[in-house]
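Student: Handing you this structure, nothing more for now.
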Amino acid sequence: MIYISHRGNINGRILERENQPDYIIEALKLGYNVEIDFWLVSNHMMLGHDKPQYNISKSFLIQEGLWIHAKNFDGFEYLINNSDTRCFWHTDEDVVLTSKKDVWIFPGKLIIKNSIVVLPETVNYSISELKISKGICSDYIGRYKNEFDKLQ
């Protein structure tokens, strides 16, 4: 199972820290993968959910364990053409395919075997339902990791 921290969160949302580079690094150091929100604005690489907020470098983007959600077209075009990152773009699709061919399932949608299930806490999927997935992306990823560790 791949455990993916949503914007750096591990045990619940901390809105003021989401997508901050230091917060992302903390989650990576704890052994989690991390989904981040990426923007390219006037050739500046930035993180932030609703708007670009935090400057980053290309070296930040190529860290192992990042799942990069492009938030604008320029950002997506940059990622696809200039890096070997795991990235994706979406608007309102139920499912998207990442650049590494991972199936990314949005909350409340049918779980496909070996997919990444996003924010399962918003739907209350059972652990048995989640067992067929390849990974989970959550604001409460620590809780999911503990639940799956108990099954082993």
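Within each chain, counting starts at residue 1; across the structure tokens, chains are named A, B, ... in the order shown, with ligands numbered 1 upward in that order.
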Out of range 4-142 of chain A, which residues get strand (DSSP E) from DSSP, as a ChimeraX atom specification?
Tutor: /A:4-6,33-41,44-47,54-55,66-70,87-88,95-97,103-105,116-118,135-138
Student: Near His44 in chain A, within 12 Å and counting only C-alpha atoms, which residues show up once chain neighbours fewer than 3 positions away are dropped, as a list in words?
Tutor: Phe38, Trp39, Leu40, Val41, Leu47, Pro52, Gln53, Tyr54, Asn55, Ile56, Ser57, Lys58, Asp74, Gly75 and Tyr78 of chain A
Student: Can I get the selection written as an mmCIF file, in the first residue's frame, with C-alpha atoms?
Tutor:
data_model
loop_
_atom_site.group_PDB
_atom_site.id
_atom_site.type_symbol
_atom_site.label_atom_id
_atom_site.label_comp_id
_atom_site.auth_asym_id
_atom_site.auth_seq_id
_atom_site.Cartn_x
_atom_site.Cartn_y
_atom_site.Cartn_z
ATOM 1 C CA PHE A 38 1.797 22.955 -8.409
ATOM 2 C CA TRP A 39 1.551 26.199 -10.370
ATOM 3 C CA LEU A 40 3.789 27.753 -13.010
ATOM 4 C CA VAL A 41 3.258 31.508 -13.153
ATOM 5 C CA LEU A 47 2.900 25.513 -4.561
ATOM 6 C CA PRO A 52 0.204 30.081 -6.024
ATOM 7 C CA GLN A 53 1.763 30.854 -2.632
ATOM 8 C CA TYR A 54 5.179 29.222 -2.079
ATOM 9 C CA ASN A 55 8.176 29.446 -4.406
ATOM 10 C CA ILE A 56 10.002 26.205 -5.092
ATOM 11 C CA SER A 57 12.840 25.036 -7.321
ATOM 12 C CA LYS A 58 13.049 22.286 -9.900
ATOM 13 C CA ASP A 74 1.212 26.182 -17.842
ATOM 14 C CA GLY A 75 2.206 24.074 -14.858
ATOM 15 C CA TYR A 78 5.931 22.322 -17.932
#
Student: Write out as a PyMOL selection string all residues of chain A that DSSP puts in alpha helix (DSSP H) for this structure's backbone.
Tutor: chain A and resi 21-29+58-61+73-82+127-130+141-151
Student: With C-alpha atoms kept, could you save the residues just selected as a short mmCIF file (atom, residue, chain, number, x, y, z; two decimals), in the first residue's frame?
Tutor:
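Result file follows (part.cif):
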data_model
loop_
_atom_site.label_atom_id
_atom_site.label_comp_id
_atom_site.auth_asym_id
_atom_site.auth_seq_id
_atom_site.Cartn_x
_atom_site.Cartn_y
_atom_site.Cartn_z
CA PRO A 21 7.66 23.21 1.31
CA ASP A 22 8.85 22.52 4.89
CA TYR A 23 5.58 20.74 5.68
CA ILE A 24 5.95 18.58 2.57
CA ILE A 25 9.53 17.66 3.52
CA GLU A 26 8.41 16.71 7.05
CA ALA A 27 5.88 14.23 5.63
CA LEU A 28 8.45 12.81 3.19
CA LYS A 29 10.95 12.33 6.03
CA LYS A 58 13.05 22.29 -9.90
CA SER A 59 15.17 20.30 -7.43
CA PHE A 60 12.25 20.37 -4.99
CA LEU A 61 9.94 18.89 -7.64
CA PHE A 73 -2.26 24.61 -17.76
CA ASP A 74 1.21 26.18 -17.84
CA GLY A 75 2.21 24.07 -14.86
CA PHE A 76 0.95 20.87 -16.45
CA GLU A 77 2.66 21.63 -19.76
CA TYR A 78 5.93 22.32 -17.93
CA LEU A 79 5.76 19.08 -15.92
CA ILE A 80 4.93 16.90 -18.90
CA ASN A 81 7.65 18.39 -21.12
CA ASN A 82 10.47 19.23 -18.70
CA ILE A 127 -10.82 -0.88 5.10
CA SER A 128 -11.96 -3.99 3.23
CA GLU A 129 -13.05 -1.82 0.28
CA LEU A 130 -9.72 0.02 0.30
CA ILE A 141 -2.96 9.13 6.17
CA GLY A 142 -1.43 8.26 9.54
CA ARG A 143 -4.74 6.73 10.61
CA TYR A 144 -5.00 4.64 7.44
CA LYS A 145 -1.42 3.43 7.78
CA ASN A 146 -2.12 2.35 11.38
CA GLU A 147 -5.27 0.50 10.31
CA PHE A 148 -3.47 -1.37 7.55
CA ASP A 149 -0.47 -2.12 9.81
CA LYS A 150 -2.90 -3.83 12.26
CA LEU A 151 -4.04 -6.16 9.46
#
Student: Quick one: of A:Ile112, A:Asn124, A:Arg17, A:Gln152, who's nearest to Asp94 in chain A, counting only C-alpha atoms?
Tutor: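 Closest to Asp94 in chain A, using only C-alpha atoms: A:Ile112.
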Student: Can you tell me which residues surround Val118 in chain A at a distance of at most 7 Å, considering only C-alpha atoms, apart from same-chain residues fewer than 5 positions away, and format the answer as a PDB file with N, CA and C atoms, in the first residue's frame?
Tutor:
ATOM      1  N   ILE A 105      -8.299   7.993  -8.367  1.00  0.00           N
ATOM      2  CA  ILE A 105      -9.763   7.942  -8.205  1.00  0.00           C
ATOM      3  C   ILE A 105     -10.221   9.050  -7.257  1.00  0.00           C
ATOM      4  N   PHE A 106     -11.174   9.823  -7.670  1.00  0.00           N
ATOM      5  CA  PHE A 106     -11.640  10.922  -6.832  1.00  0.00           C
ATOM      6  C   PHE A 106     -12.669  10.465  -5.808  1.00  0.00           C
ATOM      7  N   PRO A 107     -12.828  11.240  -4.736  1.00  0.00           N
ATOM      8  CA  PRO A 107     -13.712  10.841  -3.632  1.00  0.00           C
ATOM      9  C   PRO A 107     -15.114  10.457  -4.098  1.00  0.00           C
ATOM     10  N   ILE A 136      -3.517   5.147  -1.007  1.00  0.00           N
ATOM     11  CA  ILE A 136      -4.522   6.044  -0.436  1.00  0.00           C
ATOM     12  C   ILE A 136      -3.896   7.418  -0.293  1.00  0.00           C
ATOM     13  N   CYS A 137      -4.626   8.454  -0.693  1.00  0.00           N
ATOM     14  CA  CYS A 137      -4.216   9.844  -0.484  1.00  0.00           C
ATOM     15  C   CYS A 137      -5.212  10.461   0.479  1.00  0.00           C
ATOM     16  N   SER A 138      -4.710  10.920   1.641  1.00  0.00           N
ATOM     17  CA  SER A 138      -5.619  11.369   2.681  1.00  0.00           C
ATOM     18  C   SER A 138      -5.008  12.458   3.552  1.00  0.00           C
TER      19      SER A 138
END
Student: Contacts of Asn114 in chain A at 12 Å or less, counting only C-alpha atoms, minus same-chain residues fewer than 3 places along, as a PyMOL selection string?
Tutor: chain A and resi 1-2+101-105+111+117+129-136
Student: Can I get the selection written as a compact mmCIF listing (two decimals), in the first residue's frame, with N, CA and C atoms?
Tutor:
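Printed below is selection.txt as written:
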# COMPACT_ATOMS: atom_id res chain seq x y z
N MET A 1 0.86 -1.18 0.00
CA MET A 1 0.00 0.00 0.00
C MET A 1 0.90 1.24 0.00
N ILE A 2 0.56 2.20 -0.86
CA ILE A 2 1.27 3.48 -0.90
C ILE A 2 0.45 4.47 -0.06
N LYS A 101 1.25 6.47 -15.18
CA LYS A 101 0.18 5.49 -15.46
C LYS A 101 -0.49 4.93 -14.21
N ASP A 102 -0.54 5.74 -13.15
CA ASP A 102 -1.32 5.36 -11.97
C ASP A 102 -2.74 5.88 -12.14
N VAL A 103 -3.71 5.09 -11.72
CA VAL A 103 -5.11 5.49 -11.79
C VAL A 103 -5.46 6.23 -10.51
N TRP A 104 -5.87 7.48 -10.63
CA TRP A 104 -6.17 8.39 -9.50
C TRP A 104 -7.69 8.52 -9.43
N ILE A 105 -8.30 7.99 -8.37
CA ILE A 105 -9.76 7.94 -8.21
C ILE A 105 -10.22 9.05 -7.26
N ILE A 111 -14.02 2.31 -6.67
CA ILE A 111 -12.62 1.96 -6.53
C ILE A 111 -12.26 0.91 -7.58
N VAL A 117 -6.83 5.85 -4.18
CA VAL A 117 -8.11 6.36 -3.71
C VAL A 117 -7.85 7.67 -2.96
N GLU A 129 -12.89 -2.40 1.62
CA GLU A 129 -13.05 -1.82 0.28
C GLU A 129 -11.73 -1.25 -0.22
N LEU A 130 -10.98 -0.63 0.67
CA LEU A 130 -9.72 0.02 0.30
C LEU A 130 -8.60 -0.98 0.02
N LYS A 131 -8.75 -2.21 0.49
CA LYS A 131 -7.68 -3.21 0.34
C LYS A 131 -7.33 -3.50 -1.11
N ILE A 132 -8.25 -3.29 -2.03
CA ILE A 132 -7.93 -3.58 -3.44
C ILE A 132 -7.14 -2.45 -4.10
N SER A 133 -7.03 -1.32 -3.42
CA SER A 133 -6.32 -0.18 -4.02
C SER A 133 -4.81 -0.36 -3.90
N LYS A 134 -4.10 0.40 -4.70
CA LYS A 134 -2.63 0.43 -4.67
C LYS A 134 -2.16 1.43 -3.64
N GLY A 135 -2.99 2.46 -3.40
CA GLY A 135 -2.60 3.50 -2.47
C GLY A 135 -3.78 4.34 -2.04
N ILE A 136 -3.52 5.15 -1.01
CA ILE A 136 -4.52 6.04 -0.44
C ILE A 136 -3.90 7.42 -0.29
Student: For His49 in chain A, please output as an mmCIF file with C-alpha atoms, in the first residue's frame all residues within 12 Å (counting only C-alpha atoms; exclusion window: fewer than 3 positions along the same chain).
Tutor:
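Output file part_26.cif is given in full below:
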data_model
loop_
_atom_site.group_PDB
_atom_site.id
_atom_site.type_symbol
_atom_site.label_atom_id
_atom_site.label_comp_id
_atom_site.auth_asym_id
_atom_site.auth_seq_id
_atom_site.Cartn_x
_atom_site.Cartn_y
_atom_site.Cartn_z
ATOM 1 C CA HIS A 6 -2.638 15.141 1.044
ATOM 2 C CA ARG A 7 -0.714 18.465 0.844
ATOM 3 C CA GLY A 8 1.501 17.410 3.764
ATOM 4 C CA LEU A 15 -4.837 24.658 6.496
ATOM 5 C CA GLU A 16 -2.143 27.224 7.236
ATOM 6 C CA ARG A 17 0.612 24.654 6.522
ATOM 7 C CA GLU A 18 -0.801 22.848 3.490
ATOM 8 C CA ASN A 19 1.588 22.866 0.520
ATOM 9 C CA GLN A 20 4.341 24.673 2.447
ATOM 10 C CA GLU A 35 0.386 15.023 -3.086
ATOM 11 C CA ILE A 36 1.228 18.664 -3.797
ATOM 12 C CA ASP A 37 -0.499 21.433 -5.766
ATOM 13 C CA PHE A 38 1.797 22.955 -8.409
ATOM 14 C CA TRP A 39 1.551 26.199 -10.370
ATOM 15 C CA MET A 46 5.030 27.579 -6.918
ATOM 16 C CA PRO A 52 0.204 30.081 -6.024
ATOM 17 C CA GLN A 53 1.763 30.854 -2.632
ATOM 18 C CA TYR A 54 5.179 29.222 -2.079
ATOM 19 C CA ILE A 68 2.170 16.559 -8.384
ATOM 20 C CA HIS A 69 -1.274 17.953 -9.103
ATOM 21 C CA ALA A 70 -0.873 20.649 -11.755
ATOM 22 C CA LYS A 71 -3.238 23.494 -10.911
ATOM 23 C CA ASN A 72 -2.878 25.465 -14.134
#
Student: Which of these, A:Val123, A:Leu110, A:Leu66, A:Val34, has the shortest distance to Cys87 in chain A once you count only C-alpha atoms?
Tutor: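 Looking at the shortest contact to Cys87 in chain A, the residue is A:Leu66.
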Student: Check the smallest atom-to-atom distance from each of A:Asn11, A:Asn33, A:Thr91, A:Ser83 to Ile116 in chain A using only C-alpha atoms, then report the winner.
Tutor: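 Among A:Asn11, A:Asn33, A:Thr91, A:Ser83, it is A:Asn33 that comes nearest to Ile116 in chain A.
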Student: Between CA of Asp92 in chain A and CA of Lys109 in chain A, what is the distance in Å, rounded to a tenth?
Tutor: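 Computing it gives 11.8 Å between the two atoms.
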